[in-house]
Every structure is written in C-alpha cells, then in structure tokens.
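The structure appears below as structure tokens.
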Amino acid sequence: MSEKKKSSGALLGAAFLMATSAIGPGFLTQTSTFTGTQKASFGFVILVSLILAAIAQVNIWRVLCVTGLRGQDVANKVLPGLGYFVAFMVALGGLVFNIGNVGGGALGFNTLLGLPNSVGCALAALIAIAVFLVKNAKSAMDQLAKILGGIMIVVIFGIIIVVQPPVGDALKNTFAPEYGVSNLIPAIITLLGGTVGGYITFAGAHRLIDAGITGEENLKEITKSSLMGMVIAAIVRVFLFLAVLGVVVKLADGVTLDSSNPAADAFRLGAGELGYRFAGLVLLCAAITSIIGAAYTSVSFLKTFHPAIEKNENWVIIGFIAVSAVIMIAVGQPALLLVLAGAFNGLILPITLGICLIASQMKSVVGDSYHHPAWLLVLGVIVVIISAYLGINTFVSQMGKLFI
C-alpha cells in the first residue's frame, strides 16, 4: 500500500474513531430520552453542543498534531508534572465509561438476539479484543470504525424513512426552541460532556500522531480530518434525533419511552419488531466502537507513565477492555460509577482545552513558525469558560444527588 493511501486511510480512520467514540450507547440513550421530553426543541441542543464541540476539537487537534505530542505530553510542557495528572484523569474516566460501553454492548446483544447480559458483555468485549490481536491492529481499528459507523448511519436513516418525522418543525425549533432555552441547559451539558468530554476529544488526534501525520505541513489534512469527524458525528446525532422525534410526536398524551432502553423502544414503536432488532444492531455498533475508542485513547495517555506500556500497547489495551468487562459482569449496572464518571468528565474538557490553548501561545511548545488563529483562540476561551461553569454546576448537583 502506498504512503498516500495509508495516510488517507489514517485520516478517515481518525475521523471515524473520534465520531464513533462520541456516539456510544450512552449518547443513544441520552438523545432518545431528551427527544422524548423536549421533542423538536432538542434540535437546538444538538446545534449548540455541535458548535461548542467543533471549536474544542479543532483547537485540540491543531495543537497536538502540529507539535506531534499527545495531550499529556503537551500538558507536561506547559507545566512539568501536569501531564501525569491529566493522563490519570482521562484514563480513569475512560475506564469507568468503558464499563458502561460494555454494558451497552450487552444491551445491544439482548435487543438484537435476546442474549443474557453477562453473555452479551463477554461477546462485546471479545469482539473489541479481537481487533487488537491482529497484526496491524490500528488499521483494523480504522476499518471497523468506518464499517460500524456506516451501518449506524444506514440503519437509522432507514427508520427515518419509515417514521416520517416532522422535519420542518424540527428545523424551526433548532433555531427557535419552543421548550425554552433555560430548560434545555441540562441537556446541553449532558450532550457536551458525553461527546467531547474525557478521552473522546483526543481519540482522533492521538490516532493521527500514531500514524505520523503531524507538523504544519499536514495542517490542512489534520483540520479536514477533525471536521470530517464532527460531520460524521453530526449526521448520526441528527438522524437519531429525527428517527426518535418521528415516534414521540405520535405518542398519546402521558405515554413515554421505556426509560431502561428508550432508543430501542422508539425504534419498536416506529417500525415494529424489525425496528427493535435494528435498534439492537445500532446499540451494538455504538458500543463496540466506543469500547475500542475508549480503550485505545485511555491507554495512549498511560504511555507517559512507563516505556513498557508503549512497548506492549496492544496487550495493555486488551487488559483494559477485559477489566472493564469483568467489572461490568460482576457489578451489573454501575449506576453510581457512571454518575461519577459523567460529572468527572464534565470537568476534564475545560482543563484539557485550556491547556492546549495556553500551549498554542508558547513557542517552546508549538515552535517559532506556527501561529494559532486568533479567532480560534478566542472561541476556544469562550468554550473553556462555558464548559467550566456548566461542568462545575453539574459536578456539584450530581454529588448532591449521591449524598442526599
């Protein structure tokens, strides 16, 4: 394979890895739940979260890929020792979320084939582990992310055709929500934290660094890859929103989606038993890609701690997935851990984005020739302030719920 083909494959693979990491089973559940309560107004939540996420992603991808340094190494250059703190936070949050991703895989297998949760957990983990057992694991990871991401888009679009959502109403509410902007803030916080919080922000950029696509000479391709990832994620988010909306607007007053599996319930109400099975397929694809993305990116942060981790990267990733599966099978639904992880990861974005913005202004990090766009810096600072404020509020409220 030519170097150009390898490079193109890695750029597209990085985009899909970031996008599919952001579209896990938690995202499917959150989107279905919020669409059930906020209906067409949830389009506004998607729009705002996409804008904030895009600003964060482009800033972080540019700084990391121009320097060729992973997130924790950039942090260590900004302030010695800071990278170890960031690496620990991201890896811990990634582990806890991965437990939930494995649980999502079990839910997918249960919906698709009726398998018990323990069997579904084990199978989802084994599929993800198999990727890192092949000779060229990173290439296999890229291919699987593309295939499963494509399946999700096609299946959800098929459901849209069946349920025929009110697209005009959705478009109108995307820019002028009837539900009230203040009432939509909790949904914006949840969606932002779940799509660019923790490890997700770094998944694609770290993949490009591993592929050697770094430096100012590759900046155009790096930016294109980051935006491509955001577009892929946006397509799935909008499609899922429309598919669920087409169902909930037809529900009788007082009837709501099943809270234990709202996405599958929406698909069943909209397209019958076949729709329910397709929901299982979407959940399974989302879970497996998220398991792979979380494990790969979390371990890429741990490389800083010891050279042996980098030397045995695939085996550490396999161990990471196996531990996630064992905990999920042993504990069952880790509601407490997931609440903590959600609140915890909400605090990671402003820290990591803030570090990258500081690094973008340090010649000792980015070099003498690189100039970070002023407009991107300003927008990045705005996202840091917004995400820090919302993240702290969320963390405090979640902790309050745990101890009341």
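Numbering starts fresh at 1 for the residues of each chain in the structure tokens, the chains themselves are lettered A, B, ... in the order given, and ligands are numbered from 1 as they appear.
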Can you write out as a tab-separated table which residues of range 103-167 of chain A fall within 12 Å of range 196-205 of chain A, alongside each residue's closest atom pair and its distance in Å to one decimal, counting only C-alpha atoms and ordering rows by chain and ascending residue number?
residue	atom	partner	partner_atom	distance
A:Lys138	CA	A:Gly204	CA	12.0
A:Met141	CA	A:Gly204	CA	11.8
A:Asp142	CA	A:Gly204	CA	10.4
A:Ala145	CA	A:Gly204	CA	11.5
Keeping only N, CA, C and O atoms, take the residues you just selected and write them out as a CSV table (one decimal), in the first residue's frame.
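Resulting contents of again.csv:
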chain,number,residue,atom,x,y,z
A,138,LYS,N,-4.0,-1.2,14.4
A,138,LYS,CA,-4.6,0.2,14.2
A,138,LYS,C,-5.3,0.3,12.9
A,138,LYS,O,-6.3,1.0,12.8
A,141,MET,N,-8.6,-1.3,13.5
A,141,MET,CA,-9.4,-0.4,14.2
A,141,MET,C,-10.1,0.7,13.3
A,141,MET,O,-11.3,0.9,13.4
A,142,ASP,N,-9.3,1.2,12.4
A,142,ASP,CA,-9.8,2.2,11.5
A,142,ASP,C,-10.9,1.6,10.6
A,142,ASP,O,-12.0,2.2,10.4
A,145,ALA,N,-14.1,0.9,12.6
A,145,ALA,CA,-14.8,2.2,12.9
A,145,ALA,C,-15.6,2.7,11.7
A,145,ALA,O,-16.8,3.1,11.9
Could you please write out, as a PDB file with N, CA, C and O atoms, in the first residue's frame, every residue of range 38-89 of chain A that DSSP assigns to alpha helix (DSSP H)?
ATOM      1  N   GLN A  38     -38.319  16.682  25.262  1.00  0.00           N
ATOM      2  CA  GLN A  38     -38.203  18.023  24.686  1.00  0.00           C
ATOM      3  C   GLN A  38     -38.674  18.100  23.234  1.00  0.00           C
ATOM      4  O   GLN A  38     -38.777  19.190  22.671  1.00  0.00           O
ATOM      5  N   PHE A  42     -35.201  19.684  20.984  1.00  0.00           N
ATOM      6  CA  PHE A  42     -33.900  19.058  21.204  1.00  0.00           C
ATOM      7  C   PHE A  42     -32.946  19.359  20.043  1.00  0.00           C
ATOM      8  O   PHE A  42     -31.728  19.252  20.199  1.00  0.00           O
ATOM      9  N   GLY A  43     -33.496  19.759  18.909  1.00  0.00           N
ATOM     10  CA  GLY A  43     -32.643  20.165  17.785  1.00  0.00           C
ATOM     11  C   GLY A  43     -31.730  21.318  18.163  1.00  0.00           C
ATOM     12  O   GLY A  43     -30.579  21.396  17.706  1.00  0.00           O
ATOM     13  N   PHE A  44     -32.218  22.232  19.008  1.00  0.00           N
ATOM     14  CA  PHE A  44     -31.406  23.359  19.474  1.00  0.00           C
ATOM     15  C   PHE A  44     -30.233  22.862  20.318  1.00  0.00           C
ATOM     16  O   PHE A  44     -29.113  23.367  20.203  1.00  0.00           O
ATOM     17  N   VAL A  45     -30.481  21.861  21.146  1.00  0.00           N
ATOM     18  CA  VAL A  45     -29.425  21.265  21.987  1.00  0.00           C
ATOM     19  C   VAL A  45     -28.330  20.677  21.108  1.00  0.00           C
ATOM     20  O   VAL A  45     -27.137  20.873  21.359  1.00  0.00           O
ATOM     21  N   ILE A  46     -28.734  19.950  20.070  1.00  0.00           N
ATOM     22  CA  ILE A  46     -27.768  19.347  19.152  1.00  0.00           C
ATOM     23  C   ILE A  46     -26.936  20.433  18.470  1.00  0.00           C
ATOM     24  O   ILE A  46     -25.706  20.328  18.382  1.00  0.00           O
ATOM     25  N   LEU A  47     -27.590  21.488  18.008  1.00  0.00           N
ATOM     26  CA  LEU A  47     -26.885  22.574  17.320  1.00  0.00           C
ATOM     27  C   LEU A  47     -25.842  23.227  18.221  1.00  0.00           C
ATOM     28  O   LEU A  47     -24.675  23.376  17.832  1.00  0.00           O
ATOM     29  N   VAL A  48     -26.243  23.603  19.443  1.00  0.00           N
ATOM     30  CA  VAL A  48     -25.315  24.274  20.372  1.00  0.00           C
ATOM     31  C   VAL A  48     -24.154  23.359  20.756  1.00  0.00           C
ATOM     32  O   VAL A  48     -22.986  23.774  20.741  1.00  0.00           O
ATOM     33  N   SER A  49     -24.464  22.108  21.088  1.00  0.00           N
ATOM     34  CA  SER A  49     -23.407  21.171  21.502  1.00  0.00           C
ATOM     35  C   SER A  49     -22.441  20.890  20.353  1.00  0.00           C
ATOM     36  O   SER A  49     -21.232  20.740  20.573  1.00  0.00           O
ATOM     37  N   LEU A  50     -22.940  20.840  19.118  1.00  0.00           N
ATOM     38  CA  LEU A  50     -22.075  20.623  17.958  1.00  0.00           C
ATOM     39  C   LEU A  50     -21.125  21.794  17.745  1.00  0.00           C
ATOM     40  O   LEU A  50     -19.935  21.598  17.459  1.00  0.00           O
ATOM     41  N   ILE A  51     -21.627  23.025  17.894  1.00  0.00           N
ATOM     42  CA  ILE A  51     -20.777  24.212  17.715  1.00  0.00           C
ATOM     43  C   ILE A  51     -19.664  24.234  18.771  1.00  0.00           C
ATOM     44  O   ILE A  51     -18.483  24.431  18.455  1.00  0.00           O
ATOM     45  N   LEU A  52     -20.042  24.015  20.036  1.00  0.00           N
ATOM     46  CA  LEU A  52     -19.056  24.028  21.120  1.00  0.00           C
ATOM     47  C   LEU A  52     -18.048  22.892  20.952  1.00  0.00           C
ATOM     48  O   LEU A  52     -16.839  23.084  21.155  1.00  0.00           O
ATOM     49  N   ALA A  53     -18.541  21.717  20.560  1.00  0.00           N
ATOM     50  CA  ALA A  53     -17.665  20.567  20.379  1.00  0.00           C
ATOM     51  C   ALA A  53     -16.698  20.789  19.222  1.00  0.00           C
ATOM     52  O   ALA A  53     -15.512  20.444  19.310  1.00  0.00           O
ATOM     53  N   ALA A  54     -17.176  21.378  18.132  1.00  0.00           N
ATOM     54  CA  ALA A  54     -16.319  21.630  16.966  1.00  0.00           C
ATOM     55  C   ALA A  54     -15.178  22.583  17.318  1.00  0.00           C
ATOM     56  O   ALA A  54     -14.024  22.366  16.918  1.00  0.00           O
ATOM     57  N   ILE A  55     -15.487  23.622  18.087  1.00  0.00           N
ATOM     58  CA  ILE A  55     -14.448  24.585  18.497  1.00  0.00           C
ATOM     59  C   ILE A  55     -13.389  23.889  19.341  1.00  0.00           C
ATOM     60  O   ILE A  55     -12.179  24.076  19.134  1.00  0.00           O
ATOM     61  N   ALA A  56     -13.839  23.057  20.282  1.00  0.00           N
ATOM     62  CA  ALA A  56     -12.906  22.332  21.148  1.00  0.00           C
ATOM     63  C   ALA A  56     -12.040  21.373  20.335  1.00  0.00           C
ATOM     64  O   ALA A  56     -10.809  21.337  20.495  1.00  0.00           O
ATOM     65  N   GLN A  57     -12.679  20.614  19.444  1.00  0.00           N
ATOM     66  CA  GLN A  57     -11.944  19.619  18.666  1.00  0.00           C
ATOM     67  C   GLN A  57     -10.886  20.246  17.769  1.00  0.00           C
ATOM     68  O   GLN A  57      -9.731  19.794  17.740  1.00  0.00           O
ATOM     69  N   VAL A  58     -11.258  21.272  17.012  1.00  0.00           N
ATOM     70  CA  VAL A  58     -10.310  21.873  16.068  1.00  0.00           C
ATOM     71  C   VAL A  58      -9.125  22.480  16.804  1.00  0.00           C
ATOM     72  O   VAL A  58      -7.965  22.321  16.385  1.00  0.00           O
ATOM     73  N   ASN A  59      -9.369  23.157  17.924  1.00  0.00           N
ATOM     74  CA  ASN A  59      -8.273  23.712  18.724  1.00  0.00           C
ATOM     75  C   ASN A  59      -7.315  22.622  19.194  1.00  0.00           C
ATOM     76  O   ASN A  59      -6.091  22.742  19.038  1.00  0.00           O
ATOM     77  N   ILE A  60      -7.863  21.556  19.773  1.00  0.00           N
ATOM     78  CA  ILE A  60      -7.032  20.494  20.347  1.00  0.00           C
ATOM     79  C   ILE A  60      -6.293  19.715  19.262  1.00  0.00           C
ATOM     80  O   ILE A  60      -5.091  19.444  19.387  1.00  0.00           O
ATOM     81  N   TRP A  61      -6.983  19.365  18.183  1.00  0.00           N
ATOM     82  CA  TRP A  61      -6.328  18.624  17.101  1.00  0.00           C
ATOM     83  C   TRP A  61      -5.163  19.419  16.514  1.00  0.00           C
ATOM     84  O   TRP A  61      -4.094  18.848  16.246  1.00  0.00           O
ATOM     85  N   ARG A  62      -5.361  20.709  16.301  1.00  0.00           N
ATOM     86  CA  ARG A  62      -4.295  21.539  15.700  1.00  0.00           C
ATOM     87  C   ARG A  62      -3.056  21.566  16.594  1.00  0.00           C
ATOM     88  O   ARG A  62      -1.935  21.323  16.127  1.00  0.00           O
ATOM     89  N   VAL A  63      -3.243  21.830  17.878  1.00  0.00           N
ATOM     90  CA  VAL A  63      -2.093  21.954  18.786  1.00  0.00           C
ATOM     91  C   VAL A  63      -1.367  20.614  18.916  1.00  0.00           C
ATOM     92  O   VAL A  63      -0.129  20.550  18.813  1.00  0.00           O
ATOM     93  N   LEU A  64      -2.116  19.531  19.111  1.00  0.00           N
ATOM     94  CA  LEU A  64      -1.483  18.230  19.290  1.00  0.00           C
ATOM     95  C   LEU A  64      -0.766  17.773  18.030  1.00  0.00           C
ATOM     96  O   LEU A  64       0.388  17.327  18.087  1.00  0.00           O
ATOM     97  N   CYS A  65      -1.444  17.893  16.897  1.00  0.00           N
ATOM     98  CA  CYS A  65      -0.867  17.356  15.665  1.00  0.00           C
ATOM     99  C   CYS A  65       0.261  18.227  15.105  1.00  0.00           C
ATOM    100  O   CYS A  65       1.191  17.709  14.480  1.00  0.00           O
ATOM    101  N   VAL A  66       0.207  19.544  15.325  1.00  0.00           N
ATOM    102  CA  VAL A  66       1.313  20.406  14.898  1.00  0.00           C
ATOM    103  C   VAL A  66       2.579  20.067  15.680  1.00  0.00           C
ATOM    104  O   VAL A  66       3.676  19.993  15.126  1.00  0.00           O
ATOM    105  N   THR A  67       2.414  19.836  16.983  1.00  0.00           N
ATOM    106  CA  THR A  67       3.577  19.529  17.832  1.00  0.00           C
ATOM    107  C   THR A  67       3.993  18.067  17.736  1.00  0.00           C
ATOM    108  O   THR A  67       5.147  17.726  18.017  1.00  0.00           O
ATOM    109  N   GLY A  71      -1.758  14.568  24.303  1.00  0.00           N
ATOM    110  CA  GLY A  71      -2.309  15.515  25.256  1.00  0.00           C
ATOM    111  C   GLY A  71      -1.519  15.650  26.540  1.00  0.00           C
ATOM    112  O   GLY A  71      -1.243  16.764  27.011  1.00  0.00           O
ATOM    113  N   GLN A  72      -1.112  14.507  27.105  1.00  0.00           N
ATOM    114  CA  GLN A  72      -0.390  14.549  28.379  1.00  0.00           C
ATOM    115  C   GLN A  72       1.006  15.135  28.228  1.00  0.00           C
ATOM    116  O   GLN A  72       1.529  15.788  29.139  1.00  0.00           O
ATOM    117  N   ASP A  73       1.629  14.935  27.041  1.00  0.00           N
ATOM    118  CA  ASP A  73       2.974  15.468  26.813  1.00  0.00           C
ATOM    119  C   ASP A  73       2.935  16.977  26.601  1.00  0.00           C
ATOM    120  O   ASP A  73       3.846  17.696  27.023  1.00  0.00           O
ATOM    121  N   VAL A  74       1.868  17.466  25.947  1.00  0.00           N
ATOM    122  CA  VAL A  74       1.676  18.922  25.809  1.00  0.00           C
ATOM    123  C   VAL A  74       1.498  19.534  27.200  1.00  0.00           C
ATOM    124  O   VAL A  74       2.088  20.570  27.518  1.00  0.00           O
ATOM    125  N   ALA A  75       0.686  18.868  28.042  1.00  0.00           N
ATOM    126  CA  ALA A  75       0.448  19.367  29.405  1.00  0.00           C
ATOM    127  C   ALA A  75       1.748  19.417  30.206  1.00  0.00           C
ATOM    128  O   ALA A  75       1.991  20.370  30.966  1.00  0.00           O
ATOM    129  N   ASN A  76       2.604  18.420  30.053  1.00  0.00           N
ATOM    130  CA  ASN A  76       3.883  18.399  30.770  1.00  0.00           C
ATOM    131  C   ASN A  76       4.800  19.525  30.303  1.00  0.00           C
ATOM    132  O   ASN A  76       5.625  20.027  31.078  1.00  0.00           O
ATOM    133  N   LYS A  77       4.679  19.929  29.037  1.00  0.00           N
ATOM    134  CA  LYS A  77       5.499  21.040  28.531  1.00  0.00           C
ATOM    135  C   LYS A  77       4.977  22.378  29.047  1.00  0.00           C
ATOM    136  O   LYS A  77       5.746  23.309  29.277  1.00  0.00           O
ATOM    137  N   VAL A  78       3.652  22.470  29.217  1.00  0.00           N
ATOM    138  CA  VAL A  78       3.059  23.697  29.762  1.00  0.00           C
ATOM    139  C   VAL A  78       3.445  23.858  31.225  1.00  0.00           C
ATOM    140  O   VAL A  78       3.827  24.944  31.673  1.00  0.00           O
ATOM    141  N   LEU A  82       2.081  18.248  35.123  1.00  0.00           N
ATOM    142  CA  LEU A  82       0.654  18.406  34.844  1.00  0.00           C
ATOM    143  C   LEU A  82       0.131  17.286  33.943  1.00  0.00           C
ATOM    144  O   LEU A  82      -1.002  16.836  34.085  1.00  0.00           O
ATOM    145  N   GLY A  83       0.979  16.809  33.050  1.00  0.00           N
ATOM    146  CA  GLY A  83       0.571  15.752  32.125  1.00  0.00           C
ATOM    147  C   GLY A  83       0.204  14.460  32.822  1.00  0.00           C
ATOM    148  O   GLY A  83      -0.697  13.733  32.385  1.00  0.00           O
ATOM    149  N   TYR A  84       0.904  14.158  33.924  1.00  0.00           N
ATOM    150  CA  TYR A  84       0.594  12.932  34.667  1.00  0.00           C
ATOM    151  C   TYR A  84      -0.791  13.027  35.309  1.00  0.00           C
ATOM    152  O   TYR A  84      -1.547  12.050  35.354  1.00  0.00           O
ATOM    153  N   PHE A  85      -1.116  14.218  35.790  1.00  0.00           N
ATOM    154  CA  PHE A  85      -2.442  14.450  36.381  1.00  0.00           C
ATOM    155  C   PHE A  85      -3.530  14.291  35.316  1.00  0.00           C
ATOM    156  O   PHE A  85      -4.547  13.633  35.533  1.00  0.00           O
ATOM    157  N   VAL A  86      -3.307  14.908  34.134  1.00  0.00           N
ATOM    158  CA  VAL A  86      -4.267  14.820  33.031  1.00  0.00           C
ATOM    159  C   VAL A  86      -4.414  13.367  32.581  1.00  0.00           C
ATOM    160  O   VAL A  86      -5.531  12.878  32.355  1.00  0.00           O
ATOM    161  N   ALA A  87      -3.287  12.667  32.434  1.00  0.00           N
ATOM    162  CA  ALA A  87      -3.316  11.270  31.988  1.00  0.00           C
ATOM    163  C   ALA A  87      -4.115  10.404  32.959  1.00  0.00           C
ATOM    164  O   ALA A  87      -4.924   9.559  32.544  1.00  0.00           O
ATOM    165  N   PHE A  88      -3.913  10.621  34.242  1.00  0.00           N
ATOM    166  CA  PHE A  88      -4.635   9.850  35.255  1.00  0.00           C
ATOM    167  C   PHE A  88      -6.129  10.125  35.184  1.00  0.00           C
ATOM    168  O   PHE A  88      -6.951   9.205  35.218  1.00  0.00           O
ATOM    169  N   MET A  89      -6.502  11.404  35.063  1.00  0.00           N
ATOM    170  CA  MET A  89      -7.922  11.783  34.993  1.00  0.00           C
ATOM    171  C   MET A  89      -8.603  11.168  33.778  1.00  0.00           C
ATOM    172  O   MET A  89      -9.691  10.601  33.871  1.00  0.00           O
TER     173      MET A  89
END
As an NGL selection string, please: the residues near range 317-326 of chain A (cut-off 7 Å, only C-alpha atoms, same-chain neighbours under 4 positions excluded). :A and (95 or 98-99 or 102 or 121-122 or 125 or 129 or 132 or 295-296 or 299 or 313 or 330)
Filtering to all heavy atoms, could you give me those residues as a tab-separated table (two decimals), in the first residue's frame?
chain	number	residue	atom	x	y	z
A	95	LEU	N	-11.91	4.44	31.81
A	95	LEU	CA	-12.19	3.10	32.34
A	95	LEU	C	-13.63	3.00	32.81
A	95	LEU	O	-14.34	2.04	32.48
A	95	LEU	CB	-11.24	2.78	33.50
A	95	LEU	CG	-11.52	1.45	34.23
A	95	LEU	CD1	-11.33	0.27	33.30
A	95	LEU	CD2	-10.64	1.31	35.47
A	98	ASN	N	-15.92	3.00	29.97
A	98	ASN	CA	-15.82	1.76	29.20
A	98	ASN	C	-16.63	0.64	29.85
A	98	ASN	O	-17.12	-0.26	29.15
A	98	ASN	CB	-14.36	1.33	29.04
A	98	ASN	CG	-14.10	0.80	27.65
A	98	ASN	OD1	-14.74	1.20	26.69
A	98	ASN	ND2	-13.16	-0.12	27.53
A	99	ILE	N	-16.76	0.69	31.15
A	99	ILE	CA	-17.62	-0.28	31.84
A	99	ILE	C	-19.05	-0.10	31.32
A	99	ILE	O	-19.75	-1.06	31.01
A	99	ILE	CB	-17.56	-0.07	33.37
A	99	ILE	CG1	-16.15	-0.37	33.89
A	99	ILE	CG2	-18.58	-0.97	34.08
A	99	ILE	CD1	-15.90	0.08	35.31
A	102	VAL	N	-19.36	-1.44	27.70
A	102	VAL	CA	-19.53	-2.90	27.69
A	102	VAL	C	-20.98	-3.24	28.03
A	102	VAL	O	-21.59	-4.14	27.42
A	102	VAL	CB	-18.55	-3.59	28.68
A	102	VAL	CG1	-18.87	-5.08	28.80
A	102	VAL	CG2	-17.11	-3.40	28.22
A	121	CYS	N	-22.08	-9.00	27.47
A	121	CYS	CA	-20.87	-8.28	27.93
A	121	CYS	C	-19.62	-8.96	27.42
A	121	CYS	O	-18.71	-8.32	26.88
A	121	CYS	CB	-20.83	-8.23	29.46
A	121	CYS	SG	-21.95	-7.04	30.21
A	122	ALA	N	-19.57	-10.28	27.62
A	122	ALA	CA	-18.39	-11.05	27.24
A	122	ALA	C	-18.16	-11.00	25.72
A	122	ALA	O	-17.03	-10.81	25.25
A	122	ALA	CB	-18.54	-12.50	27.70
A	125	ALA	N	-16.95	-7.50	24.54
A	125	ALA	CA	-15.54	-7.33	24.91
A	125	ALA	C	-14.63	-8.16	24.02
A	125	ALA	O	-13.57	-7.69	23.58
A	125	ALA	CB	-15.34	-7.70	26.38
A	129	ILE	N	-11.59	-6.95	21.70
A	129	ILE	CA	-10.26	-7.51	21.96
A	129	ILE	C	-9.66	-8.10	20.69
A	129	ILE	O	-8.46	-7.96	20.41
A	129	ILE	CB	-10.33	-8.57	23.08
A	129	ILE	CG1	-10.50	-7.87	24.45
A	129	ILE	CG2	-9.08	-9.47	23.09
A	129	ILE	CD1	-10.79	-8.82	25.59
A	132	PHE	N	-7.42	-5.97	18.51
A	132	PHE	CA	-6.05	-5.70	18.96
A	132	PHE	C	-5.17	-6.95	18.99
A	132	PHE	O	-4.02	-6.89	19.43
A	132	PHE	CB	-6.09	-5.02	20.33
A	132	PHE	CG	-6.76	-3.67	20.28
A	132	PHE	CD1	-8.08	-3.51	20.66
A	132	PHE	CD2	-6.07	-2.56	19.79
A	132	PHE	CE1	-8.72	-2.28	20.58
A	132	PHE	CE2	-6.70	-1.33	19.71
A	132	PHE	CZ	-8.03	-1.18	20.10
A	295	ALA	N	-10.71	2.42	25.07
A	295	ALA	CA	-9.53	1.65	25.49
A	295	ALA	C	-8.27	2.18	24.80
A	295	ALA	O	-7.24	2.41	25.46
A	295	ALA	CB	-9.74	0.18	25.16
A	296	TYR	N	-8.34	2.37	23.49
A	296	TYR	CA	-7.17	2.84	22.73
A	296	TYR	C	-6.70	4.21	23.25
A	296	TYR	O	-5.51	4.42	23.50
A	296	TYR	CB	-7.52	2.91	21.25
A	296	TYR	CG	-6.54	3.72	20.43
A	296	TYR	CD1	-5.29	3.20	20.10
A	296	TYR	CD2	-6.85	5.02	20.01
A	296	TYR	CE1	-4.38	3.94	19.36
A	296	TYR	CE2	-5.95	5.76	19.27
A	296	TYR	CZ	-4.71	5.22	18.95
A	296	TYR	OH	-3.81	5.97	18.23
A	299	VAL	N	-5.36	4.24	27.00
A	299	VAL	CA	-4.01	3.64	27.10
A	299	VAL	C	-2.98	4.56	26.45
A	299	VAL	O	-1.83	4.62	26.91
A	299	VAL	CB	-3.99	2.23	26.46
A	299	VAL	CG1	-2.56	1.71	26.35
A	299	VAL	CG2	-4.83	1.26	27.31
A	313	GLU	N	1.65	-1.99	24.00
A	313	GLU	CA	0.41	-1.21	23.93
A	313	GLU	C	-0.83	-2.07	23.69
A	313	GLU	O	-1.84	-1.94	24.39
A	313	GLU	CB	0.51	-0.16	22.82
A	313	GLU	CG	-0.73	0.72	22.69
A	313	GLU	CD	-0.62	1.72	21.56
A	313	GLU	OE1	0.33	1.61	20.77
A	313	GLU	OE2	-1.49	2.60	21.46
A	330	ALA	N	-19.49	-8.42	36.95
A	330	ALA	CA	-19.54	-8.64	38.40
A	330	ALA	C	-20.49	-7.68	39.11
A	330	ALA	O	-21.26	-8.06	39.99
A	330	ALA	CB	-18.14	-8.51	38.99
Here is a test: counting only C-alpha atoms, which residue of A:Leu144, A:Gly105, A:Gly275, A:Gly212 is nearest to Ala130 in chain A? A:Leu144
Contacts of range 31-33 of chain A within 7 Å, only C-alpha atoms, excl. fewer than 3 positions in-chain, as an mmCIF file with N, CA and C atoms, in the first residue's frame:
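Generated output (around-v2.cif):
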data_model
loop_
_atom_site.group_PDB
_atom_site.id
_atom_site.type_symbol
_atom_site.label_atom_id
_atom_site.label_comp_id
_atom_site.auth_asym_id
_atom_site.auth_seq_id
_atom_site.Cartn_x
_atom_site.Cartn_y
_atom_site.Cartn_z
ATOM 1 N N PHE A 27 -24.819 7.974 24.566
ATOM 2 C CA PHE A 27 -25.327 9.037 23.713
ATOM 3 C C PHE A 27 -26.683 8.656 23.115
ATOM 4 N N LEU A 28 -26.818 7.406 22.659
ATOM 5 C CA LEU A 28 -28.081 6.953 22.077
ATOM 6 C C LEU A 28 -29.204 7.047 23.099
ATOM 7 N N GLY A 36 -37.618 12.499 23.793
ATOM 8 C CA GLY A 36 -38.921 12.104 24.317
ATOM 9 C C GLY A 36 -39.562 13.188 25.162
ATOM 10 N N THR A 37 -38.739 13.973 25.874
ATOM 11 C CA THR A 37 -39.290 15.011 26.757
ATOM 12 C C THR A 37 -39.328 16.387 26.095
ATOM 13 N N PHE A 241 -32.002 11.796 16.254
ATOM 14 C CA PHE A 241 -32.989 12.760 16.753
ATOM 15 C C PHE A 241 -34.266 12.723 15.915
ATOM 16 N N VAL A 244 -36.254 9.335 16.389
ATOM 17 C CA VAL A 244 -36.990 9.264 17.651
ATOM 18 C C VAL A 244 -38.122 10.290 17.653
ATOM 19 N N PRO A 262 -34.651 3.500 25.913
ATOM 20 C CA PRO A 262 -35.514 4.396 25.135
ATOM 21 C C PRO A 262 -35.288 4.340 23.626
ATOM 22 N N ALA A 263 -34.034 4.164 23.185
ATOM 23 C CA ALA A 263 -33.751 4.119 21.744
ATOM 24 C C ALA A 263 -34.440 2.914 21.103
#
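The smallest atom-to-atom distance between Lys303 in chain A and any of A:His206, A:Lys146, A:Lys39, A:Lys220, using only C-alpha atoms, is found for A:His206.
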Mind pulling up the distance from CA of Phe157 in chain A to CA of Gly246 in chain A?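 Computing the Euclidean distance for CA of Gly246 in chain A and CA of Phe157 in chain A yields 11.9 Å.
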Leu171 in chain A environment, 9 Å, only C-alpha atoms, sequence neighbours closer than 4 positions dropped, as a list in words: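 In the requested form, the answer reads Ala40, Gly43, Phe44, Pro166, Val167, Phe175 and Ala176 of chain A.
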Mind writing the picked residues with N, CA, C and O atoms as a compact mmCIF listing (two decimals), in the first residue's frame?
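Just written: out11.txt:
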# COMPACT_ATOMS: atom_id res chain seq x y z
N ALA A 40 -39.18 18.45 19.42
CA ALA A 40 -38.44 19.15 18.36
C ALA A 40 -37.41 20.13 18.91
O ALA A 40 -36.40 20.42 18.25
N GLY A 43 -33.50 19.76 18.91
CA GLY A 43 -32.64 20.16 17.79
C GLY A 43 -31.73 21.32 18.16
O GLY A 43 -30.58 21.40 17.71
N PHE A 44 -32.22 22.23 19.01
CA PHE A 44 -31.41 23.36 19.47
C PHE A 44 -30.23 22.86 20.32
O PHE A 44 -29.11 23.37 20.20
N PRO A 166 -41.48 15.10 11.58
CA PRO A 166 -41.83 16.46 11.13
C PRO A 166 -40.56 17.30 10.97
O PRO A 166 -40.18 18.06 11.88
N VAL A 167 -39.90 17.18 9.84
CA VAL A 167 -38.61 17.84 9.60
C VAL A 167 -38.72 19.36 9.71
O VAL A 167 -37.85 20.02 10.28
N PHE A 175 -33.60 26.47 15.74
CA PHE A 175 -33.15 27.87 15.85
C PHE A 175 -34.02 28.71 16.79
O PHE A 175 -33.57 29.73 17.31
N ALA A 176 -35.25 28.26 17.02
CA ALA A 176 -36.16 28.98 17.93
C ALA A 176 -36.94 27.96 18.75
O ALA A 176 -38.11 27.67 18.47
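Considering only C-alpha atoms, the residue among A:Pro350, A:Gly215, A:Gly293, A:Pro177 positioned nearest to Ala15 in chain A is A:Gly293.
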Between A:Ile156, A:Met230, A:Leu353, A:Ala287, which one has atoms that come closest to Val383 in chain A, using only C-alpha atoms?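 With only C-alpha atoms as the atom set, the closest residue is A:Leu353.
CA of Ala187 in chain A lies 11.0 Å from CA of Leu390 in chain A.
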Identify, on the basis of only C-alpha atoms, every residue whose closest approach to Lys250 in chain A does not exceed 10 Å; exclude the query and any residue fewer than 4 positions from it along the same chain; express the result as a PyMOL selection string. chain A and resi 163+165+245-246+255+269-270
